[in-house]
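Q: Sharing a structure, written as structure tokens. Questions coming.
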Amino acid sequence: MKFVSEYRDPKAAERLAAAIRQKVTRPWTIMEVCGGQTHTIVKSGLEDLLPKEITLVHGPGCPVCVTPMELIDKAVAIAKRPDAIFCSFGDMLRVPGSTKSLFDVKAEGADVRIVYSPLDALKLAKQNPDKQVVFFAVGFETTAPANAMAAWQADHDGIENFSLLVSHVLVPPAMEALLSSSNCVVQGFLAAGHVCTIMGLEEYFPIAEKYEVPIVVTGFEPLDLLEGIYMTLCQLEEGRHNVENQYVRAVRREGNRPAQKSIAEVFEIAPRQWRGLGEIPASGFQLKGRFQKYDANRRFPFSGEPAKESPECISGLILQGIKKPHECAAFAVKCTPENPLGAPMVSSEGACAAYYHYGRRQNHLVQPELSSPTSR
Amino acid sequence: MADAKTTSFNLSCPVPRVADDRIVLAHGGGGRLTHQLIEKICIPAFGNPMLEQRHDGAVVPVNGSRLAFTTDSFVVRPLIFPGGNIGDLAINGTVNDLAMCGARPLYLSAGFILEEGLEMETLRTVVMSMQQAAAKANVKLVTGDTKVVDKGKGDGVFINTSGIGVIEANVATEIAPAAVQPGDAVIVSGDLGRHGIAILSVREGLEFESPILTDCANVWPSVQALLNAGIEVHCLRDLTRGGLATTLNEIAFDRNVCVKLEESLIPVDEVVQGACEILGLDPLYVANEGRFAAFVPVDQADAALEEMKKVEVSQGAARVGKVEEGPGRTVVLQSRIGGNRVVDMLSGEQLPRIC
């Protein structure tokens with residue numbers, strides 16, 4: 001397939017892997033920030049190609065994983081309202097709140113729908129004027145422009161029965177939070193290509209400078225990742241700490257200006273809770289000014305108990321790269337995709353689910369449960 | 001972020017649990033939850049040696065001949081989709097389940113559950129398709145039933161079909177998961193994912209440059225070709241709900257073997273691949289309605305492939321992998337770039353990813 005197969009070419013992959021093997025002289029720990037990158041790494045078995053000196057740790061860039069449990073509870077509470085149509089991207093539905101997931105309340109009769117775009121939710125609001133249509137606006141900078149556009153469009157068309165439950169998070173503050181932790185094991189970053197497609201590179205220069213850490217903006221195909229790893233490795237081995245762009249076919253230094261403009265019109269920067277990491281200052285978006293009338297948080301006051309995480313879930317350590325999923329005692333035993341203790345086991349982008357589904361190496365293979373499946 | 005916050009995970013709370021007190025959609029998705037449903041509810045209630053073969057149909061001895069018997073229900077939405085409708089699906093689905101037992105399909109029953117308000121024209125279209133599909137498959141629809149439910153209690157039409165077929169005397173061995181063994185080659189009868197993506201394209205209003213049509217078809221001619229050529233077929237499985245990945249996991253579990261796949265050998269049409277890339281789906285898990293996997297001894301794989309390619313429904317057949325002894329209960333795929341990954345069984349249906 002054009003523009004896909006080229007980036008999965010086995011010969012080119014082997015050439016890059018050979019270059020990495022030749023360059024490396026000592027152990028290095030590199031974090032890929034984005035869950036989409038984690039997904040590619042495990043799905044393509046990319047670590048099989050890397051020398052043992054390179055350790056990849058999987059960052060907090062999975063929106064499903066870092067959305068706080070309290071917000072899931074809030075989503076569930078809104079979805080249960082008889083006048084609500086609750087719309088979400090598919091993989092948020094399975095994330096456990098403190099007692100229920102959106103899938104659970106759907107099974108109990110709530111009107112929960114999977115949509116592919118916030119504008120689809122807006123369309124539903126137009127078609128169902130007697131219903132409150134709420135879109136779960138989850139994601140990093142990548143999905144922010146579309147959500148901003150939905151709020152802007154609702155305002156423009158005077159749609160009142162539409163709102164956004166916003167849980168937008170930002171990559172650079174999360175990277176800073178990780179780097180400023182005394183537990184930090186990360187020596188270089190593969191930054192999230194699609195986030196930078198929107199936001200550009202500027203925010204990363206001060207981080208690379210302050211923490212003396214190489215940052216390579218990287219794409220999502222196997223060859224992108226291998227090249228990103230190679231570029232990061234070259235910086236590490238040569239003692240450099242620059243911001244470099246591997247994903248040149250999608251990312252410009254200044255990013256996507258019109259998209260940034262629509263974000264700035266609708267959202268303002270706010271502190272955010274990150275599941276597993278805690279509150280990070282200035283690390284998310286909230287609706288501002290005249291768009292606050294589309295804030296589901298304001299429209300549907302929620303007085304639930306503060307949610308508590310499972311004590312056995314070490315997702316915080318996993319999202320920081322301190323532990324790997326299979327190092328968790330609950331992994332694949334008590335915590336499985338059917339019965340997740342924490343969010344990284346839910347989304348296909350979550351590090352734990354990725355490890356569970358794609359078992360990284362033979363000695364890490366997950367032993368499947370003993371119950372035997374049957375035909376349909 | 002404070003370090004104290006990230007390291008002090010000593011909170012106590014009730015563990016979030018999966019809903020096992022109610023049926024959820026994932027129980028019908030063909031993945032792990034479907035299997036749990038069958039294992040925990042159905043097998044304990046109905047368990048008997050024939051059911052426990054866990055095959056697409058049961059093979060029963062009757063007066064010296066071997067009959068295959070199977071049933072399937074069809075609840076697809078939308079009722080009419082690119083390249084087919086619920087009618088031909090209901091015929092071919094059951095015909096194919098019989099074919100997977102190595103049986104020549106003979107007779108079918110059809111039960112209709114109709115929702116009040118369904119347009120008669122829609123029902124006519126569906127029934128006409130069933131008639132044509134049955135004629136093409138050379139099966140007779142010999143008994144049936146209709147029921148009507150209140151508006152809102154059904155989804156237009158639900159159809160159940162059951163079928164009987166006969167295993168010819170020239171089929172010496174039993175074709176069943178139990179016959180799969182290390183050393184078998186795995187052949188798929190054509191490119192994967194067309195049916196699931198065709199349905200999804202209508203449901204989600206996706207448009208492609210060239211429309212993707214369902215692969216819904218009767219695969220018996222292909223099975224017949226294999227059997228007539230004297231290929232020692234060990235097992236046949238249709239790749240419906242849950243796709244190739246789920247089917248191979250079932251076999252790997254049942255036989256405690258490892259199925260090894262090579263990604264570069266697995267046929268997927270470019271448009272289907274494109275749709276999967278956009279939606280974040282894996283074609284290995286997408287449903288097919290006219291595709292099956294054949295397990296044959298490795299030294300007969302080329303001959304089997306040659307026979308299959310002669311038949312229209314399996315022109316695109318390809319050898320995609322092999323069965324090995326270990327690690328047991330595992331499906332492993334070698335990716336295009338040469339890395340390995342486990343192809344697991346999903347919980348329920350695949351969910352589109354956020355970004």
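Naming works like this for the structure tokens: A, B, ... for the chains as they're shown, residue 1 at the start of each chain, ligands 1 onward in shown order.
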Pick out the chain A residues within 7 Å of chain B. Count only C-alpha atoms. Give them as an NGL selection string.

A: :A and (1 or 8-10 or 13 or 42-46 or 48-49 or 89-91 or 96 or 98-99 or 104 or 107 or 177 or 181 or 276-280 or 308-311 or 316 or 337-339 or 341 or 357-360 or 372-376)

Q: Once DSSP has gone over the backbone, tell me which residues of segment 147-265 of chain B are in strand (DSSP E), as an MDAnalysis selection string.

A: chainID B and resid 147:149 157:167 184:188 235:238 258:262

Q: Take the residues that were just selected and, keeping N, CA and C atoms, output them as a compact mmCIF listing (two decimals), in the first residue's frame.

A:
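Output below, filename again13.txt:
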# COMPACT_ATOMS: atom_id res chain seq x y z
N LYS B 147 -42.00 -15.45 12.95
CA LYS B 147 -42.61 -14.82 14.12
C LYS B 147 -42.49 -13.31 13.94
N VAL B 148 -43.44 -12.58 14.51
CA VAL B 148 -43.37 -11.12 14.45
C VAL B 148 -43.31 -10.59 15.88
N VAL B 149 -42.40 -9.63 16.12
CA VAL B 149 -42.30 -9.01 17.45
C VAL B 149 -42.69 -7.53 17.34
N VAL B 157 -35.12 -7.63 10.71
CA VAL B 157 -35.20 -9.08 10.52
C VAL B 157 -34.05 -9.75 11.27
N PHE B 158 -34.34 -10.75 12.04
CA PHE B 158 -33.32 -11.70 12.51
C PHE B 158 -33.62 -13.02 11.81
N ILE B 159 -32.58 -13.71 11.37
CA ILE B 159 -32.80 -15.00 10.70
C ILE B 159 -31.96 -16.07 11.38
N ASN B 160 -32.56 -17.21 11.62
CA ASN B 160 -31.78 -18.38 12.04
C ASN B 160 -31.89 -19.42 10.94
N THR B 161 -30.76 -20.00 10.57
CA THR B 161 -30.81 -21.14 9.65
C THR B 161 -30.09 -22.32 10.29
N SER B 162 -30.65 -23.50 10.07
CA SER B 162 -29.97 -24.72 10.46
C SER B 162 -29.77 -25.54 9.21
N GLY B 163 -28.79 -26.43 9.21
CA GLY B 163 -28.52 -27.17 7.99
C GLY B 163 -28.04 -28.58 8.24
N ILE B 164 -28.32 -29.43 7.27
CA ILE B 164 -27.85 -30.82 7.30
C ILE B 164 -27.06 -31.08 6.03
N GLY B 165 -25.93 -31.75 6.20
CA GLY B 165 -25.13 -32.13 5.05
C GLY B 165 -24.64 -33.55 5.23
N VAL B 166 -24.08 -34.10 4.17
CA VAL B 166 -23.60 -35.48 4.27
C VAL B 166 -22.11 -35.52 3.95
N ILE B 167 -21.41 -36.31 4.75
CA ILE B 167 -19.98 -36.49 4.49
C ILE B 167 -19.83 -37.69 3.57
N ASP B 184 1.50 -29.25 10.12
CA ASP B 184 0.47 -28.84 9.17
C ASP B 184 0.79 -27.45 8.61
N ALA B 185 0.42 -27.27 7.34
CA ALA B 185 0.48 -25.93 6.75
C ALA B 185 -0.88 -25.27 6.93
N VAL B 186 -0.87 -23.95 7.08
CA VAL B 186 -2.12 -23.19 7.20
C VAL B 186 -2.34 -22.42 5.91
N ILE B 187 -3.49 -22.68 5.28
CA ILE B 187 -3.83 -22.00 4.02
C ILE B 187 -5.08 -21.18 4.26
N VAL B 188 -5.11 -19.93 3.79
CA VAL B 188 -6.38 -19.19 3.80
C VAL B 188 -6.90 -19.15 2.37
N CYS B 235 -8.18 -30.07 9.06
CA CYS B 235 -9.22 -29.23 9.67
C CYS B 235 -9.57 -28.08 8.73
N LEU B 236 -10.82 -27.68 8.79
CA LEU B 236 -11.29 -26.52 8.03
C LEU B 236 -12.04 -25.62 9.00
N ARG B 237 -11.82 -24.33 8.92
CA ARG B 237 -12.57 -23.41 9.78
C ARG B 237 -12.91 -22.17 8.99
N ASP B 238 -14.18 -21.73 9.06
CA ASP B 238 -14.48 -20.46 8.40
C ASP B 238 -14.01 -19.30 9.28
N CYS B 258 1.43 -24.30 18.58
CA CYS B 258 1.74 -22.92 18.20
C CYS B 258 1.45 -22.76 16.71
N VAL B 259 0.69 -21.75 16.36
CA VAL B 259 0.50 -21.44 14.93
C VAL B 259 1.40 -20.25 14.60
N LYS B 260 2.29 -20.46 13.62
CA LYS B 260 3.21 -19.38 13.23
C LYS B 260 2.76 -18.78 11.90
N LEU B 261 2.59 -17.47 11.87
CA LEU B 261 2.15 -16.78 10.66
C LEU B 261 3.26 -15.87 10.17
N GLU B 262 3.23 -15.62 8.85
CA GLU B 262 4.11 -14.59 8.32
C GLU B 262 3.26 -13.48 7.75

Q: Can you list, as a list of chain:residue names, every protein, DNA or RNA residue that comes within 8 Å of Trp28 of chain A when you count only C-alpha atoms, leaving out same-chain residues fewer than 3 positions away?

A: A:Glu53, A:Ile54, A:Thr55, A:Gln187, A:Leu233

Q: How would the residues just picked look written out with C-alpha atoms as a PDB file, in the first residue's frame?

A:
ATOM      1  CA  GLU A  53      21.983  -1.994  25.040  1.00  0.00           C
ATOM      2  CA  ILE A  54      18.865  -0.089  23.960  1.00  0.00           C
ATOM      3  CA  THR A  55      15.923  -0.159  26.348  1.00  0.00           C
ATOM      4  CA  GLN A 187      17.909   9.565  28.653  1.00  0.00           C
ATOM      5  CA  LEU A 233      21.299   7.239  19.786  1.00  0.00           C
TER       6      LEU A 233
END

Q: Excluding Gln246 of chain A and any residue of its chain fewer than 4 positions from it, enumerate the residues within 6 Å of it, using only C-alpha atoms, and give them as a ChimeraX atom specification.

A: /A:217-218,228

Q: To one decimal in Å, tell me the separation between atom CA of Thr336 of chain A and atom CA of Thr29 of chain A.

A: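 Taking atom CA of Thr336 of chain A as the start and atom CA of Thr29 of chain A as the end point, the length is 27.0 Å.
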
Q: Report as CSV: every residue of segment 97-151 of chain A with an atom at most 12 Å from segment 248-270 of chain A, its closest pair of atoms, and their distance in Å to one decimal, counting only C-alpha atoms, with rows sorted by chain and ascending residue number.

A:
residue,atom,partner,partner_atom,distance
A:Ala137,CA,A:Phe267,CA,11.9
A:Phe140,CA,A:Ile263,CA,11.8
A:Glu141,CA,A:Ile263,CA,8.9
A:Thr142,CA,A:Ala259,CA,9.6
A:Thr143,CA,A:Ile263,CA,10.0
A:Ala144,CA,A:Ile263,CA,6.5
A:Pro145,CA,A:Ala259,CA,5.5
A:Ala146,CA,A:Ala259,CA,8.5
A:Asn147,CA,A:Ile263,CA,8.4
A:Ala148,CA,A:Ile263,CA,5.6
A:Met149,CA,A:Ser262,CA,6.8
A:Ala150,CA,A:Val266,CA,9.8
A:Ala151,CA,A:Val266,CA,7.3

Q: Rounded to one decimal, what separation in Å do you get between atom CA of Val185 of chain A and atom CA of Ile322 of chain A?

A: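 Those two atoms sit 6.7 Å apart.
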
Q: Got a sec: who's within 12 Å of Asp120 of chain A, counting only C-alpha atoms, leaving out chain neighbours fewer than 2 positions off, as a PyMOL selection string?

A: (chain A and resi 86-89+113-118+122-127+133-135+146-147+149-150+153-154+162) or (chain B and resi 204-205)

Q: Could you save those same residues with C-alpha atoms as a PDB file, in the first residue's frame?

A:
ATOM      1  CA  PHE A  86     -23.055  10.167  25.260  1.00  0.00           C
ATOM      2  CA  CYS A  87     -20.537  10.040  22.401  1.00  0.00           C
ATOM      3  CA  SER A  88     -16.962   8.853  22.627  1.00  0.00           C
ATOM      4  CA  PHE A  89     -14.059   7.464  20.637  1.00  0.00           C
ATOM      5  CA  ARG A 113     -22.327   5.797  20.929  1.00  0.00           C
ATOM      6  CA  ILE A 114     -18.951   5.391  19.274  1.00  0.00           C
ATOM      7  CA  VAL A 115     -18.162   8.257  16.916  1.00  0.00           C
ATOM      8  CA  TYR A 116     -15.124   8.954  14.772  1.00  0.00           C
ATOM      9  CA  SER A 117     -15.205  12.729  15.021  1.00  0.00           C
ATOM     10  CA  PRO A 118     -16.619  15.313  17.433  1.00  0.00           C
ATOM     11  CA  LEU A 122     -22.548  17.682  16.791  1.00  0.00           C
ATOM     12  CA  LYS A 123     -24.571  16.229  13.927  1.00  0.00           C
ATOM     13  CA  LEU A 124     -26.343  13.960  16.434  1.00  0.00           C
ATOM     14  CA  ALA A 125     -27.176  17.026  18.526  1.00  0.00           C
ATOM     15  CA  LYS A 126     -28.792  18.657  15.505  1.00  0.00           C
ATOM     16  CA  GLN A 127     -30.757  15.487  14.744  1.00  0.00           C
ATOM     17  CA  VAL A 133     -25.491  15.223  23.305  1.00  0.00           C
ATOM     18  CA  VAL A 134     -22.179  15.065  25.151  1.00  0.00           C
ATOM     19  CA  PHE A 135     -18.842  14.321  23.503  1.00  0.00           C
ATOM     20  CA  ALA A 146     -11.206  18.942  15.892  1.00  0.00           C
ATOM     21  CA  ASN A 147     -12.740  19.379  19.334  1.00  0.00           C
ATOM     22  CA  MET A 149     -13.857  23.105  15.762  1.00  0.00           C
ATOM     23  CA  ALA A 150     -16.889  21.257  17.180  1.00  0.00           C
ATOM     24  CA  GLN A 153     -19.317  25.162  15.020  1.00  0.00           C
ATOM     25  CA  ALA A 154     -21.900  24.614  17.780  1.00  0.00           C
ATOM     26  CA  PHE A 162     -24.323  19.914  22.718  1.00  0.00           C
TER      27      PHE A 162
ATOM     28  CA  GLU B 204     -20.029   4.562   9.700  1.00  0.00           C
ATOM     29  CA  GLY B 205     -20.736   6.291   6.410  1.00  0.00           C
TER      30      GLY B 205
END
